[in-house]
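As stored in data_33.cif (mmCIF, C-alpha atoms):
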data_coords
loop_
_atom_site.group_PDB
_atom_site.id
_atom_site.type_symbol
_atom_site.label_atom_id
_atom_site.label_comp_id
_atom_site.auth_asym_id
_atom_site.auth_seq_id
_atom_site.Cartn_x
_atom_site.Cartn_y
_atom_site.Cartn_z
ATOM 1 C CA MET A 1 -27.385 20.173 37.439
ATOM 2 C CA ALA A 2 -30.349 19.153 35.350
ATOM 3 C CA THR A 3 -33.299 21.376 34.663
ATOM 4 C CA ILE A 4 -36.102 19.630 36.505
ATOM 5 C CA ASN A 5 -39.733 20.302 35.699
ATOM 6 C CA TYR A 6 -41.498 20.264 39.030
ATOM 7 C CA TYR A 7 -44.793 21.384 40.478
ATOM 8 C CA ASN A 8 -45.753 22.614 43.939
ATOM 9 C CA GLU A 9 -48.955 20.596 44.410
ATOM 10 C CA PRO A 10 -49.061 16.839 43.759
ATOM 11 C CA LYS A 11 -51.165 15.689 40.824
ATOM 12 C CA VAL A 12 -51.401 11.996 41.743
ATOM 13 C CA GLN A 13 -51.196 11.633 45.510
ATOM 14 C CA LYS A 14 -53.348 13.458 48.027
ATOM 15 C CA PHE A 15 -50.827 13.989 50.851
ATOM 16 C CA ASN A 16 -48.614 17.063 50.642
ATOM 17 C CA LEU A 17 -46.611 19.381 52.860
ATOM 18 C CA GLU A 18 -46.050 23.038 52.079
ATOM 19 C CA GLY A 19 -42.766 23.729 50.292
ATOM 20 C CA VAL A 20 -42.352 20.233 48.853
ATOM 21 C CA LYS A 21 -41.624 20.119 45.118
ATOM 22 C CA HIS A 22 -43.038 17.217 43.107
ATOM 23 C CA ILE A 23 -41.887 15.524 39.924
ATOM 24 C CA SER A 24 -43.792 13.159 37.660
ATOM 25 C CA ALA A 25 -42.695 9.560 37.224
ATOM 26 C CA GLN A 26 -42.099 10.145 33.490
ATOM 27 C CA ASP A 27 -39.831 13.129 34.146
ATOM 28 C CA ALA A 28 -37.991 11.217 36.871
ATOM 29 C CA LEU A 29 -37.375 8.339 34.454
ATOM 30 C CA GLU A 30 -35.715 10.642 31.902
ATOM 31 C CA ILE A 31 -33.568 12.281 34.567
ATOM 32 C CA MET A 32 -32.487 8.919 35.986
ATOM 33 C CA LYS A 33 -31.712 7.479 32.540
ATOM 34 C CA ASN A 34 -29.365 10.410 31.964
ATOM 35 C CA GLU A 35 -27.837 10.067 35.464
ATOM 36 C CA GLU A 36 -28.696 13.701 36.217
ATOM 37 C CA ALA A 37 -29.949 13.106 39.763
ATOM 38 C CA TYR A 38 -29.761 10.700 42.661
ATOM 39 C CA LEU A 39 -32.803 8.678 43.614
ATOM 40 C CA ILE A 40 -33.233 8.156 47.347
ATOM 41 C CA ASP A 41 -35.606 5.289 48.102
ATOM 42 C CA VAL A 42 -36.975 5.766 51.623
ATOM 43 C CA ARG A 43 -38.837 2.457 51.774
ATOM 44 C CA VAL A 44 -37.693 -0.178 54.256
ATOM 45 C CA GLU A 45 -34.942 -2.483 53.013
ATOM 46 C CA LEU A 46 -37.221 -5.464 52.354
ATOM 47 C CA GLN A 47 -39.500 -3.401 50.101
ATOM 48 C CA ALA A 48 -36.500 -1.938 48.279
ATOM 49 C CA LYS A 49 -35.182 -5.444 47.582
ATOM 50 C CA GLN A 50 -38.551 -6.652 46.313
ATOM 51 C CA THR A 51 -39.026 -3.812 43.821
ATOM 52 C CA TYR A 52 -36.023 -1.807 42.699
ATOM 53 C CA PHE A 53 -34.519 0.264 39.907
ATOM 54 C CA GLU A 54 -31.586 -0.526 37.651
ATOM 55 C CA PHE A 55 -30.116 2.968 37.590
ATOM 56 C CA GLN A 56 -26.633 3.878 38.771
ATOM 57 C CA ASN A 57 -27.556 6.581 41.249
ATOM 58 C CA VAL A 58 -30.135 4.836 43.457
ATOM 59 C CA PHE A 59 -29.717 4.547 47.215
ATOM 60 C CA ASN A 60 -31.997 2.933 49.769
ATOM 61 C CA ILE A 61 -32.088 4.964 52.977
ATOM 62 C CA PRO A 62 -35.210 4.073 54.963
ATOM 63 C CA LEU A 63 -37.109 7.097 56.237
ATOM 64 C CA HIS A 64 -36.298 6.367 59.875
ATOM 65 C CA LYS A 65 -32.533 6.324 59.086
ATOM 66 C CA LEU A 66 -32.406 9.652 57.226
ATOM 67 C CA PRO A 67 -31.319 11.714 60.264
ATOM 68 C CA GLU A 68 -28.227 9.544 60.774
ATOM 69 C CA LYS A 69 -27.331 9.327 57.054
ATOM 70 C CA ILE A 70 -28.047 12.848 55.804
ATOM 71 C CA GLU A 71 -24.533 14.112 56.542
ATOM 72 C CA PHE A 72 -23.250 11.819 53.766
ATOM 73 C CA ILE A 73 -25.490 13.361 51.089
ATOM 74 C CA PRO A 74 -24.016 16.508 49.493
ATOM 75 C CA LYS A 75 -26.401 19.462 49.410
ATOM 76 C CA GLU A 76 -25.587 20.403 45.813
ATOM 77 C CA LEU A 77 -27.005 17.166 44.368
ATOM 78 C CA ASP A 78 -30.372 16.917 42.634
ATOM 79 C CA LEU A 79 -32.359 14.382 44.669
ATOM 80 C CA ILE A 80 -35.543 12.551 43.747
ATOM 81 C CA ILE A 81 -37.178 10.930 46.759
ATOM 82 C CA ILE A 82 -39.425 7.880 46.348
ATOM 83 C CA CYS A 83 -41.485 5.553 48.518
ATOM 84 C CA ASN A 84 -44.496 3.318 47.874
ATOM 85 C CA THR A 85 -47.224 5.947 47.449
ATOM 86 C CA GLY A 86 -45.524 9.309 47.881
ATOM 87 C CA ASN A 87 -46.559 9.902 51.493
ATOM 88 C CA ASP A 88 -43.282 8.949 53.192
ATOM 89 C CA SER A 89 -41.251 10.553 50.412
ATOM 90 C CA VAL A 90 -43.103 13.850 51.003
ATOM 91 C CA LYS A 91 -42.013 13.644 54.648
ATOM 92 C CA ALA A 92 -38.441 12.852 53.585
ATOM 93 C CA THR A 93 -38.408 15.683 51.042
ATOM 94 C CA ASN A 94 -39.658 18.051 53.730
ATOM 95 C CA PHE A 95 -36.888 16.804 56.042
ATOM 96 C CA PHE A 96 -34.257 17.564 53.360
ATOM 97 C CA ASN A 97 -35.812 21.007 52.821
ATOM 98 C CA ARG A 98 -35.509 21.770 56.543
ATOM 99 C CA GLN A 99 -31.802 20.836 56.331
ATOM 100 C CA ASP A 100 -31.307 23.494 53.591
ATOM 101 C CA TYR A 101 -31.224 21.167 50.596
ATOM 102 C CA LYS A 102 -32.473 23.142 47.582
ATOM 103 C CA ASN A 103 -32.838 20.553 44.801
ATOM 104 C CA VAL A 104 -35.051 17.861 46.324
ATOM 105 C CA TYR A 105 -38.170 16.488 44.621
ATOM 106 C CA ASN A 106 -40.844 14.051 45.705
ATOM 107 C CA LEU A 107 -41.781 11.462 43.084
ATOM 108 C CA ASP A 108 -45.521 12.112 42.860
ATOM 109 C CA GLY A 109 -47.436 8.911 43.575
ATOM 110 C CA GLY A 110 -44.327 6.917 44.464
ATOM 111 C CA ILE A 111 -43.462 3.542 43.075
ATOM 112 C CA SER A 112 -47.171 2.749 42.794
ATOM 113 C CA GLU A 113 -47.514 5.434 40.123
ATOM 114 C CA TRP A 114 -44.254 4.324 38.488
ATOM 115 C CA LYS A 115 -45.595 0.772 38.150
ATOM 116 C CA ARG A 116 -49.069 1.942 37.080
ATOM 117 C CA LEU A 117 -47.407 3.699 34.140
ATOM 118 C CA LYS A 118 -45.458 0.499 33.394
ATOM 119 C CA LEU A 119 -42.092 2.253 33.711
ATOM 120 C CA PRO A 120 -39.016 0.009 34.074
ATOM 121 C CA VAL A 121 -38.608 -1.603 37.456
ATOM 122 C CA ILE A 122 -37.350 -4.965 38.667
ATOM 123 C CA GLU A 123 -39.642 -7.027 40.851
ATOM 124 C CA THR A 124 -38.395 -10.044 42.766
ATOM 125 C CA THR A 125 -39.782 -12.593 45.166
ATOM 126 C CA TYR A 126 -37.194 -11.653 47.801
ATOM 127 C CA SER A 127 -38.398 -12.307 51.331
ATOM 128 C CA GLU A 128 -36.692 -12.293 54.680
ATOM 129 C CA ILE A 129 -36.510 -15.456 56.736
ATOM 130 C CA LYS A 130 -38.903 -14.866 59.609
ATOM 131 C CA GLU A 131 -37.741 -17.606 61.941
ATOM 132 C CA HIS A 132 -34.458 -19.434 62.287
ATOM 133 C CA THR A 133 -34.151 -22.950 63.602
ATOM 134 C CA PRO A 134 -30.556 -23.542 64.626
ATOM 135 C CA CYS A 135 -28.902 -26.729 63.470
ATOM 136 C CA SER A 136 -28.183 -29.459 65.995
ATOM 137 C CA GLY A 137 -24.585 -29.872 64.838
ATOM 138 C CA GLY A 138 -23.248 -27.391 67.346
ATOM 139 C CA CYS A 139 -21.528 -25.191 64.780
ATOM 140 C CA THR A 140 -21.362 -21.458 65.430
ATOM 141 C CA GLY A 141 -21.937 -20.468 61.800
ATOM 142 C CA CYS A 142 -25.594 -19.709 62.486
ATOM 143 C CA SER A 143 -25.161 -17.459 65.475
#
As structure tokens, what does this structure read like?
Amino acid sequence: MATINYYNEPKVQKFNLEGVKHISAQDALEIMKNEEAYLIDVRVELQAKQTYFEFQNVFNIPLHKLPEKIEFIPKELDLIIICNTGNDSVKATNFFNRQDYKNVYNLDGGISEWKRLKLPVIETTYSEIKEHTPCSGGCTGCS
């Protein structure tokens, strides 16, 4: 396990919950470059496809799906939790803490802080199709 420099009160974001450990975007970048932790992105899938990271150990598990997916995440891993601003990731980090995970860190300020510091991230124009007009050919490929 990596030695992670963390702090108990966020320096960037305002929202916090007692017991949540925070990590700076710069420290998270170094840890992720060295593949010393797993990054759990708790944003919804569309947001995660629009702005994402090119590290090996990144997983998108939206906040609302954490309870059904947590059993697949080993407790001995170092986890860095990220969202847009740090608010949802604080909630997710707190959830992991309540499930007896010991090495879980909120990325202070979320992806907004990451981008403000101009750290490496991939941004796309990905968007979901909002409406679907079925073809008139009668095929079943659309349904």
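Between atom CA of Ile23 of chain A and atom CA of Ile80 of chain A the separation is 8.0 Å.
Remark: for Phe55 of chain A, the closest of the candidate residues A:Asn106, A:Asn8, A:Ser127, A:Pro120 is A:Pro120 (distances computed over all atoms listed in the file).
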- Given all atoms listed in the file as the counted atoms, nearest of A:Ile111, A:Leu39, A:Gln13, A:Ile81 to Asn97 of chain A: A:Ile81
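Note that the spacing between atom CA of Ala92 of chain A and atom CA of Leu66 of chain A amounts to 7.7 Å.
Interatomic distance, atom CA of Met32 of chain A against atom CA of Glu45 of chain A: 20.6 Å.
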- Would you kindly return, as a PyMOL selection string, each protein, DNA or RNA residue with an atom no farther than 9 Å from any atom of segment 3-6 of chain A, considering all atoms listed in the file and excluding same-chain residues fewer than 6 positions away? chain A and resi 21-24+27-28+31+78+103+105
- One residue among A:Lys75, A:Lys118, A:Lys11, A:His64 is nearest to Val104 of chain A when using only C-alpha atoms, and that residue is A:Lys75
- Message: Translate the PyMOL selection byres ((chain A and resi 98) around 12) into a concrete residue list for this structure, as a ChimeraX atom specification.
- Response: /A:17-20,67,70,75,91-97,99-102,104
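Using all atoms listed in the file for every distance, the candidate list A:Glu36, A:Asp108, A:Glu54, A:Glu123 yields A:Glu36 as the residue closest to Leu79 of chain A.
Using all atoms listed in the file, the nearest neighbour of Gln26 of chain A within the list A:Lys49, A:Asn84, A:Tyr126, A:Arg116 is A:Arg116.
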- Item | Result set, the PyMOL selection byres ((chain A and resi 52) around 6) on current file, as a PyMOL selection string | chain A and resi 48+51+53+121-122
